[in-house]
Amino acid sequence: MNTAASELVIDPLLIRKHDVSGPRYTSYPTADRFVGAFGEGTYKYWLARRNIEGASQPLSVYVHLPFCNTICYYCACNKVVTRDRGKSARYVTYLEKEIALVGSALEGDHRISQMHWGGGTPSFLARDEMRVLCNAIDLQFDRRADCECSIEVDPRSVEPGMMAYLAELGFNRVSVGVQDFDPAVQQAVHRMQPESVTRRVIDEARAAGFGSVNLDLIYGLPKQTLASFNTTIDQVLALDPERISLYSYAHLPHRFKPQRSIAAADLPSAETKLQILTLAIGRLTGAGYVYIGMDHFAKPGDDLAVAQRQGRLQRNFQGYSTRPECDILGFGVSAIGRVGPTYSQNLKDLDGYYTALDSGHLPVAGGIVLTADDLVRRAVIQVLACQFRLSIESIERAYRLDFRSYFAHELQELKRLEQDGLVELQPDGIVVTPKGRLLVRIVCMVFDRYLREGRQQARYSKVM
């Protein structure tokens, strides 16, 4: 049992020193590297070659449902704010078209081991729309008996009985948006959500047989204080979720228009924000949660913690995953997929998405075909982010290279991080130390060739 993977040491000085902007590495290369030259033809080419040499990866399905009936000021997601329920009905009709087009182009096994609905607010959809969407997916793909089916919900949009209905459709995991329970914070971000509403949804999910409940929290929001977030943690622990996501709020009003409604003067100082993070980590780990990595915590018996101990943990566009490496089919506006050595992303606006499908085309906006160098770097970053420990020999065997020669520049860079106590360079591998685990993105960035070559123009969020 790898108990060391859950160890975590918070060093405020190191955090301040290394709190720079950087990717979250839900993919490598990151989405800002995708190119428009990757179009529908390239995507179809790889869909038709999933069964190369008689073997294909397991399948995962992601559906992006962008609709919300209110705006949360902190949000940076691709969303459509509307109270017009007819918009989601139309959208589901187009999702049916896209799913059918991909299903007909896909070679190899059509069984799916994972399905995730994200957004936006998937619980915006009416029940009959959810049923139609599930039927469209089931018509093209076979959900395995052990398929992990997860959905994101906003408790404010979940009427009584909805969780039982979702269980009937096959969902068995739910991610519940909370962010913060303090009324002053909720008012400042335009998301009033009483604890009683959240508790009802969680209770109904468990009564319906959901095996895992995740709560999303955000630190660094306006009006947030050390004392107020401590109270929020009390309420979260009382709800006893299996998983907790603790995200850092990135205030980027120049990029995300809703954030312009947040007064910068209401944001906690950098020092207070770090104190809130330190408090939250101490409270969560003290309550028995395992630090999985980056922003995630799980109970020791949860599948995420078990997968990490067993060396099976993966990272993809939905964050950490317990399932083996999958080909991911992304459906809906802005959805990102991964098939073979490629990533692809759909058009981000509804009009363009609808126009492409009306003409019988897949709504691909761009993507990338990974090079041999991309593949080995992706493997290194994946292992470091998920396991905090990399075996040099395993990379050399899998990719037929001399690690020390191939990554000579990176190893020199890691010596600087070793001096700061973030990593240990051992004869047979690289170990992220307990001090370095909270800053593992910094370690991963060393292996990002695109960052090193200065090609990046995108502004990432801060590491902490």
# chains A, B, ... in the order shown; residues from 1 in each chain; ligands from 1

$ residues_around --residues "Gly337 of chain A" --least-positions-apart "4" --cutoff "10 Å" --atoms "only C-alpha atoms" --output "JSON, numbers by chain"
{"A": [43, 60, 61, 62, 316, 317, 327, 328, 329, 330, 331, 342, 343, 344, 345, 346, 367]}

$ select_by_dssp --residues "segment 97-305 of chain A" --states "strand (DSSP E or B)" --output "ChimeraX atom specification"
/A:111-119,142-153,173-179,212-219,243-248,290-293,296-298

$ write_last_selection --atoms "C-alpha atoms" --output "mmCIF file, in the first residue's frame"
data_model
loop_
_atom_site.group_PDB
_atom_site.id
_atom_site.type_symbol
_atom_site.label_atom_id
_atom_site.label_comp_id
_atom_site.auth_asym_id
_atom_site.auth_seq_id
_atom_site.Cartn_x
_atom_site.Cartn_y
_atom_site.Cartn_z
ATOM 1 C CA ARG A 111 -18.567 -0.440 -25.455
ATOM 2 C CA ILE A 112 -18.074 2.484 -23.093
ATOM 3 C CA SER A 113 -16.605 2.245 -19.611
ATOM 4 C CA GLN A 114 -17.240 5.879 -18.647
ATOM 5 C CA MET A 115 -19.831 8.536 -19.374
ATOM 6 C CA HIS A 116 -19.718 12.064 -17.984
ATOM 7 C CA TRP A 117 -22.130 14.966 -18.447
ATOM 8 C CA GLY A 118 -20.619 18.368 -17.669
ATOM 9 C CA GLY A 119 -21.317 21.998 -18.354
ATOM 10 C CA ASP A 142 -22.987 -0.189 -25.291
ATOM 11 C CA ARG A 143 -22.557 0.821 -21.678
ATOM 12 C CA ARG A 144 -20.580 -1.842 -19.852
ATOM 13 C CA ALA A 145 -22.165 -3.333 -16.743
ATOM 14 C CA ASP A 146 -19.576 -1.513 -14.615
ATOM 15 C CA CYS A 147 -19.782 1.754 -16.584
ATOM 16 C CA GLU A 148 -18.982 4.776 -14.436
ATOM 17 C CA CYS A 149 -21.709 7.295 -15.244
ATOM 18 C CA SER A 150 -21.251 10.695 -13.652
ATOM 19 C CA ILE A 151 -23.067 14.001 -13.882
ATOM 20 C CA GLU A 152 -22.502 17.526 -12.586
ATOM 21 C CA VAL A 153 -25.496 19.142 -10.874
ATOM 22 C CA ARG A 173 -21.707 9.266 -9.479
ATOM 23 C CA VAL A 174 -22.546 12.923 -8.967
ATOM 24 C CA SER A 175 -20.510 16.104 -8.626
ATOM 25 C CA VAL A 176 -22.344 18.791 -6.671
ATOM 26 C CA GLY A 177 -21.424 22.440 -7.055
ATOM 27 C CA VAL A 178 -21.107 24.192 -3.688
ATOM 28 C CA GLN A 179 -18.153 26.632 -3.892
ATOM 29 C CA SER A 212 -19.937 8.498 -4.926
ATOM 30 C CA VAL A 213 -20.696 12.142 -4.181
ATOM 31 C CA ASN A 214 -18.150 14.861 -4.991
ATOM 32 C CA LEU A 215 -18.414 18.413 -3.686
ATOM 33 C CA ASP A 216 -16.782 21.312 -5.556
ATOM 34 C CA LEU A 217 -15.313 24.111 -3.438
ATOM 35 C CA ILE A 218 -13.484 27.285 -4.466
ATOM 36 C CA TYR A 219 -11.060 29.258 -2.315
ATOM 37 C CA ARG A 243 -14.594 13.203 -2.853
ATOM 38 C CA ILE A 244 -13.858 16.915 -2.575
ATOM 39 C CA SER A 245 -12.485 19.223 -5.254
ATOM 40 C CA LEU A 246 -10.828 22.369 -3.912
ATOM 41 C CA TYR A 247 -10.194 24.837 -6.717
ATOM 42 C CA SER A 248 -8.338 28.131 -6.661
ATOM 43 C CA VAL A 290 -6.361 11.489 1.072
ATOM 44 C CA TYR A 291 -4.715 14.187 -1.012
ATOM 45 C CA ILE A 292 -4.929 12.787 -4.540
ATOM 46 C CA GLY A 293 -3.162 15.615 -6.341
ATOM 47 C CA HIS A 296 -8.586 16.687 -5.317
ATOM 48 C CA PHE A 297 -9.212 14.791 -2.083
ATOM 49 C CA ALA A 298 -10.913 11.442 -1.523
#

$ atom_distance --atom1 "atom CA of Leu106 of chain A" --atom2 "atom CA of Asp138 of chain A"
14.4 Å

$ residues_around --residues "segment 269-282 of chain A" --least-positions-apart "6" --cutoff "8 Å" --atoms "only C-alpha atoms" --output "mmCIF file with C-alpha atoms, in the first residue's frame"
data_model
loop_
_atom_site.group_PDB
_atom_site.id
_atom_site.type_symbol
_atom_site.label_atom_id
_atom_site.label_comp_id
_atom_site.auth_asym_id
_atom_site.auth_seq_id
_atom_site.Cartn_x
_atom_site.Cartn_y
_atom_site.Cartn_z
ATOM 1 C CA ILE A 10 2.668 22.817 3.108
ATOM 2 C CA PRO A 12 4.266 28.805 2.478
ATOM 3 C CA TYR A 219 -11.060 29.258 -2.315
ATOM 4 C CA GLY A 220 -10.147 32.868 -3.000
ATOM 5 C CA THR A 225 -12.348 34.900 5.187
ATOM 6 C CA LEU A 226 -10.446 32.324 7.175
ATOM 7 C CA PHE A 229 -14.319 29.134 5.112
ATOM 8 C CA ASN A 230 -13.630 27.206 8.297
ATOM 9 C CA ILE A 233 -15.507 23.134 5.878
#

$ select_by_dssp --residues "segment 76-241 of chain A" --states "alpha helix (DSSP H)" --output "ChimeraX atom specification"
/A:86-105,127-140,162-168,183-188,195-207,226-239

$ write_last_selection --atoms "C-alpha atoms" --output "PDB file, in the first residue's frame"
ATOM      1  CA  GLY A  86     -36.666  25.372 -25.647  1.00  0.00           C
ATOM      2  CA  LYS A  87     -32.974  26.003 -26.237  1.00  0.00           C
ATOM      3  CA  SER A  88     -31.927  22.815 -24.485  1.00  0.00           C
ATOM      4  CA  ALA A  89     -34.527  20.770 -26.374  1.00  0.00           C
ATOM      5  CA  ARG A  90     -33.097  22.011 -29.668  1.00  0.00           C
ATOM      6  CA  TYR A  91     -29.550  21.339 -28.473  1.00  0.00           C
ATOM      7  CA  VAL A  92     -30.371  17.734 -27.592  1.00  0.00           C
ATOM      8  CA  THR A  93     -31.691  17.231 -31.121  1.00  0.00           C
ATOM      9  CA  TYR A  94     -28.320  18.314 -32.506  1.00  0.00           C
ATOM     10  CA  LEU A  95     -26.468  16.143 -30.003  1.00  0.00           C
ATOM     11  CA  GLU A  96     -28.403  13.203 -31.434  1.00  0.00           C
ATOM     12  CA  LYS A  97     -27.101  14.110 -34.899  1.00  0.00           C
ATOM     13  CA  GLU A  98     -23.499  14.388 -33.723  1.00  0.00           C
ATOM     14  CA  ILE A  99     -23.618  11.140 -31.753  1.00  0.00           C
ATOM     15  CA  ALA A 100     -25.010   9.289 -34.767  1.00  0.00           C
ATOM     16  CA  LEU A 101     -22.328  10.700 -37.086  1.00  0.00           C
ATOM     17  CA  VAL A 102     -19.523   9.699 -34.728  1.00  0.00           C
ATOM     18  CA  GLY A 103     -21.037   6.289 -34.062  1.00  0.00           C
ATOM     19  CA  SER A 104     -21.187   5.510 -37.781  1.00  0.00           C
ATOM     20  CA  ALA A 105     -17.556   6.614 -38.293  1.00  0.00           C
ATOM     21  CA  ARG A 127     -36.315  14.785 -17.742  1.00  0.00           C
ATOM     22  CA  ASP A 128     -37.528  13.807 -21.197  1.00  0.00           C
ATOM     23  CA  GLU A 129     -34.500  15.548 -22.751  1.00  0.00           C
ATOM     24  CA  MET A 130     -32.188  13.534 -20.493  1.00  0.00           C
ATOM     25  CA  ARG A 131     -33.958  10.339 -21.542  1.00  0.00           C
ATOM     26  CA  VAL A 132     -33.669  11.209 -25.243  1.00  0.00           C
ATOM     27  CA  LEU A 133     -29.945  11.935 -24.847  1.00  0.00           C
ATOM     28  CA  CYS A 134     -29.313   8.668 -22.996  1.00  0.00           C
ATOM     29  CA  ASN A 135     -31.211   6.759 -25.671  1.00  0.00           C
ATOM     30  CA  ALA A 136     -29.130   8.426 -28.406  1.00  0.00           C
ATOM     31  CA  ILE A 137     -25.920   7.355 -26.656  1.00  0.00           C
ATOM     32  CA  ASP A 138     -27.186   3.830 -26.018  1.00  0.00           C
ATOM     33  CA  LEU A 139     -28.218   3.479 -29.658  1.00  0.00           C
ATOM     34  CA  GLN A 140     -24.605   3.944 -30.794  1.00  0.00           C
ATOM     35  CA  MET A 162     -34.537  14.066  -9.942  1.00  0.00           C
ATOM     36  CA  MET A 163     -31.696  12.078  -8.387  1.00  0.00           C
ATOM     37  CA  ALA A 164     -33.812   8.911  -8.418  1.00  0.00           C
ATOM     38  CA  TYR A 165     -34.601   9.604 -12.072  1.00  0.00           C
ATOM     39  CA  LEU A 166     -30.914  10.034 -12.895  1.00  0.00           C
ATOM     40  CA  ALA A 167     -30.170   6.728 -11.163  1.00  0.00           C
ATOM     41  CA  GLU A 168     -32.849   5.130 -13.322  1.00  0.00           C
ATOM     42  CA  PRO A 183     -24.241  33.733   2.527  1.00  0.00           C
ATOM     43  CA  ALA A 184     -22.049  36.833   2.087  1.00  0.00           C
ATOM     44  CA  VAL A 185     -19.775  34.962  -0.332  1.00  0.00           C
ATOM     45  CA  GLN A 186     -22.747  33.485  -2.161  1.00  0.00           C
ATOM     46  CA  GLN A 187     -24.273  36.923  -2.606  1.00  0.00           C
ATOM     47  CA  ALA A 188     -20.959  38.318  -3.878  1.00  0.00           C
ATOM     48  CA  GLU A 195     -26.989  24.285   2.834  1.00  0.00           C
ATOM     49  CA  SER A 196     -30.382  22.602   3.220  1.00  0.00           C
ATOM     50  CA  VAL A 197     -30.838  22.510  -0.569  1.00  0.00           C
ATOM     51  CA  THR A 198     -27.440  20.882  -1.058  1.00  0.00           C
ATOM     52  CA  ARG A 199     -28.093  18.386   1.734  1.00  0.00           C
ATOM     53  CA  ARG A 200     -31.419  17.334   0.217  1.00  0.00           C
ATOM     54  CA  VAL A 201     -29.818  16.590  -3.151  1.00  0.00           C
ATOM     55  CA  ILE A 202     -27.010  14.570  -1.547  1.00  0.00           C
ATOM     56  CA  ASP A 203     -29.441  12.631   0.640  1.00  0.00           C
ATOM     57  CA  GLU A 204     -31.617  11.841  -2.375  1.00  0.00           C
ATOM     58  CA  ALA A 205     -28.571  10.760  -4.402  1.00  0.00           C
ATOM     59  CA  ARG A 206     -27.503   8.318  -1.710  1.00  0.00           C
ATOM     60  CA  ALA A 207     -31.024   7.008  -1.275  1.00  0.00           C
ATOM     61  CA  LEU A 226     -10.446  32.324   7.175  1.00  0.00           C
ATOM     62  CA  ALA A 227     -13.261  32.083   9.698  1.00  0.00           C
ATOM     63  CA  SER A 228     -16.042  31.868   7.104  1.00  0.00           C
ATOM     64  CA  PHE A 229     -14.319  29.134   5.112  1.00  0.00           C
ATOM     65  CA  ASN A 230     -13.630  27.206   8.297  1.00  0.00           C
ATOM     66  CA  THR A 231     -17.391  27.163   8.863  1.00  0.00           C
ATOM     67  CA  THR A 232     -17.923  26.018   5.268  1.00  0.00           C
ATOM     68  CA  ILE A 233     -15.507  23.134   5.878  1.00  0.00           C
ATOM     69  CA  ASP A 234     -17.536  22.195   8.982  1.00  0.00           C
ATOM     70  CA  GLN A 235     -20.656  21.981   6.817  1.00  0.00           C
ATOM     71  CA  VAL A 236     -18.861  20.058   4.067  1.00  0.00           C
ATOM     72  CA  LEU A 237     -17.517  17.462   6.491  1.00  0.00           C
ATOM     73  CA  ALA A 238     -20.996  17.067   7.968  1.00  0.00           C
ATOM     74  CA  LEU A 239     -22.242  16.158   4.474  1.00  0.00           C
TER      75      LEU A 239
END

$ residues_around --residues "segment 363-365 of chain A" --least-positions-apart "2" --cutoff "7 Å" --atoms "only C-alpha atoms" --output "compact mmCIF listing (two decimals) with C-alpha atoms, in the first residue's frame"
# COMPACT_ATOMS: atom_id res chain seq x y z
CA GLY A 36 -7.35 24.68 -37.02
CA GLY A 39 -10.53 19.24 -39.11
CA GLU A 40 -13.34 16.81 -39.65
CA SER A 344 -9.89 17.35 -31.08
CA GLN A 345 -12.25 20.08 -29.97
CA ASN A 346 -15.69 21.09 -31.20
CA LEU A 347 -16.77 24.57 -32.21
CA TYR A 353 -22.15 23.95 -34.04
CA ALA A 356 -21.97 22.21 -39.23
CA LEU A 357 -24.39 19.48 -38.21
CA HIS A 361 -20.49 17.58 -40.94

$ atom_distance --atom1 "atom CA of Phe210 of chain A" --atom2 "atom CA of Cys68 of chain A"
23.6 Å

$ atom_distance --atom1 "atom CA of Val432 of chain A" --atom2 "atom CA of Leu384 of chain A"
7.4 Å

$ closest_residue --among "A:Arg416, A:Arg16, A:Arg255, A:Lys299" --to "Leu438 of chain A" --atoms "only C-alpha atoms"
A:Arg16

$ closest_atom_pairs --of "segment 133-251 of chain A" --to "segment 262-267 of chain A" --cutoff "8 Å" --atoms "only C-alpha atoms" --output "CSV"
residue,atom,partner,partner_atom,distance
A:Ala188,CA,A:Ile262,CA,7.0
A:Val189,CA,A:Ile262,CA,7.0
A:Gly220,CA,A:Leu267,CA,6.6
A:Leu221,CA,A:Leu267,CA,6.0
A:Pro222,CA,A:Leu267,CA,4.2
A:Lys223,CA,A:Asp266,CA,5.4
A:Gln224,CA,A:Leu267,CA,7.3

$ residues_around --residues "Val376 of chain A" --least-positions-apart "4" --cutoff "7 Å" --atoms "only C-alpha atoms" --output "ChimeraX atom specification"
/A:372,380,399

$ write_last_selection --atoms "C-alpha atoms" --output "PDB file, in the first residue's frame"
ATOM      1  CA  ALA A 372       6.448  10.803 -30.745  1.00  0.00           C
ATOM      2  CA  VAL A 380       6.005  11.521 -17.999  1.00  0.00           C
ATOM      3  CA  TYR A 399       9.433   4.510 -25.556  1.00  0.00           C
TER       4      TYR A 399
END

$ residues_around --residues "Ser123 of chain A" --least-positions-apart "3" --cutoff "7 Å" --atoms "only C-alpha atoms" --output "PyMOL selection string"
chain A and resi 153-154+157-158

$ decode --residues "segment 139-190 of chain A" --atoms "C-alpha atoms" --output "PDB file, in the first residue's frame"
ATOM      1  CA  LEU A 139     -28.218   3.479 -29.658  1.00  0.00           C
ATOM      2  CA  GLN A 140     -24.605   3.944 -30.794  1.00  0.00           C
ATOM      3  CA  PHE A 141     -22.672   2.621 -27.798  1.00  0.00           C
ATOM      4  CA  ASP A 142     -22.987  -0.189 -25.291  1.00  0.00           C
ATOM      5  CA  ARG A 143     -22.557   0.821 -21.678  1.00  0.00           C
ATOM      6  CA  ARG A 144     -20.580  -1.842 -19.852  1.00  0.00           C
ATOM      7  CA  ALA A 145     -22.165  -3.333 -16.743  1.00  0.00           C
ATOM      8  CA  ASP A 146     -19.576  -1.513 -14.615  1.00  0.00           C
ATOM      9  CA  CYS A 147     -19.782   1.754 -16.584  1.00  0.00           C
ATOM     10  CA  GLU A 148     -18.982   4.776 -14.436  1.00  0.00           C
ATOM     11  CA  CYS A 149     -21.709   7.295 -15.244  1.00  0.00           C
ATOM     12  CA  SER A 150     -21.251  10.695 -13.652  1.00  0.00           C
ATOM     13  CA  ILE A 151     -23.067  14.001 -13.882  1.00  0.00           C
ATOM     14  CA  GLU A 152     -22.502  17.526 -12.586  1.00  0.00           C
ATOM     15  CA  VAL A 153     -25.496  19.142 -10.874  1.00  0.00           C
ATOM     16  CA  ASP A 154     -26.412  22.513  -9.464  1.00  0.00           C
ATOM     17  CA  PRO A 155     -28.596  21.678  -6.426  1.00  0.00           C
ATOM     18  CA  ARG A 156     -30.714  24.760  -7.109  1.00  0.00           C
ATOM     19  CA  SER A 157     -31.920  23.198 -10.355  1.00  0.00           C
ATOM     20  CA  VAL A 158     -32.574  19.696  -8.976  1.00  0.00           C
ATOM     21  CA  GLU A 159     -36.212  19.226  -8.061  1.00  0.00           C
ATOM     22  CA  PRO A 160     -37.259  16.425  -5.655  1.00  0.00           C
ATOM     23  CA  GLY A 161     -37.122  13.040  -7.348  1.00  0.00           C
ATOM     24  CA  MET A 162     -34.537  14.066  -9.942  1.00  0.00           C
ATOM     25  CA  MET A 163     -31.696  12.078  -8.387  1.00  0.00           C
ATOM     26  CA  ALA A 164     -33.812   8.911  -8.418  1.00  0.00           C
ATOM     27  CA  TYR A 165     -34.601   9.604 -12.072  1.00  0.00           C
ATOM     28  CA  LEU A 166     -30.914  10.034 -12.895  1.00  0.00           C
ATOM     29  CA  ALA A 167     -30.170   6.728 -11.163  1.00  0.00           C
ATOM     30  CA  GLU A 168     -32.849   5.130 -13.322  1.00  0.00           C
ATOM     31  CA  LEU A 169     -30.981   6.450 -16.389  1.00  0.00           C
ATOM     32  CA  GLY A 170     -27.832   4.713 -15.122  1.00  0.00           C
ATOM     33  CA  PHE A 171     -25.956   7.506 -13.359  1.00  0.00           C
ATOM     34  CA  ASN A 172     -24.025   6.339 -10.311  1.00  0.00           C
ATOM     35  CA  ARG A 173     -21.707   9.266  -9.479  1.00  0.00           C
ATOM     36  CA  VAL A 174     -22.546  12.923  -8.967  1.00  0.00           C
ATOM     37  CA  SER A 175     -20.510  16.104  -8.626  1.00  0.00           C
ATOM     38  CA  VAL A 176     -22.344  18.791  -6.671  1.00  0.00           C
ATOM     39  CA  GLY A 177     -21.424  22.440  -7.055  1.00  0.00           C
ATOM     40  CA  VAL A 178     -21.107  24.192  -3.688  1.00  0.00           C
ATOM     41  CA  GLN A 179     -18.153  26.632  -3.892  1.00  0.00           C
ATOM     42  CA  ASP A 180     -18.867  28.164  -0.459  1.00  0.00           C
ATOM     43  CA  PHE A 181     -21.732  27.982   2.050  1.00  0.00           C
ATOM     44  CA  ASP A 182     -21.268  31.483   3.492  1.00  0.00           C
ATOM     45  CA  PRO A 183     -24.241  33.733   2.527  1.00  0.00           C
ATOM     46  CA  ALA A 184     -22.049  36.833   2.087  1.00  0.00           C
ATOM     47  CA  VAL A 185     -19.775  34.962  -0.332  1.00  0.00           C
ATOM     48  CA  GLN A 186     -22.747  33.485  -2.161  1.00  0.00           C
ATOM     49  CA  GLN A 187     -24.273  36.923  -2.606  1.00  0.00           C
ATOM     50  CA  ALA A 188     -20.959  38.318  -3.878  1.00  0.00           C
ATOM     51  CA  VAL A 189     -20.749  35.624  -6.590  1.00  0.00           C
ATOM     52  CA  HIS A 190     -24.496  35.645  -7.391  1.00  0.00           C
TER      53      HIS A 190
END
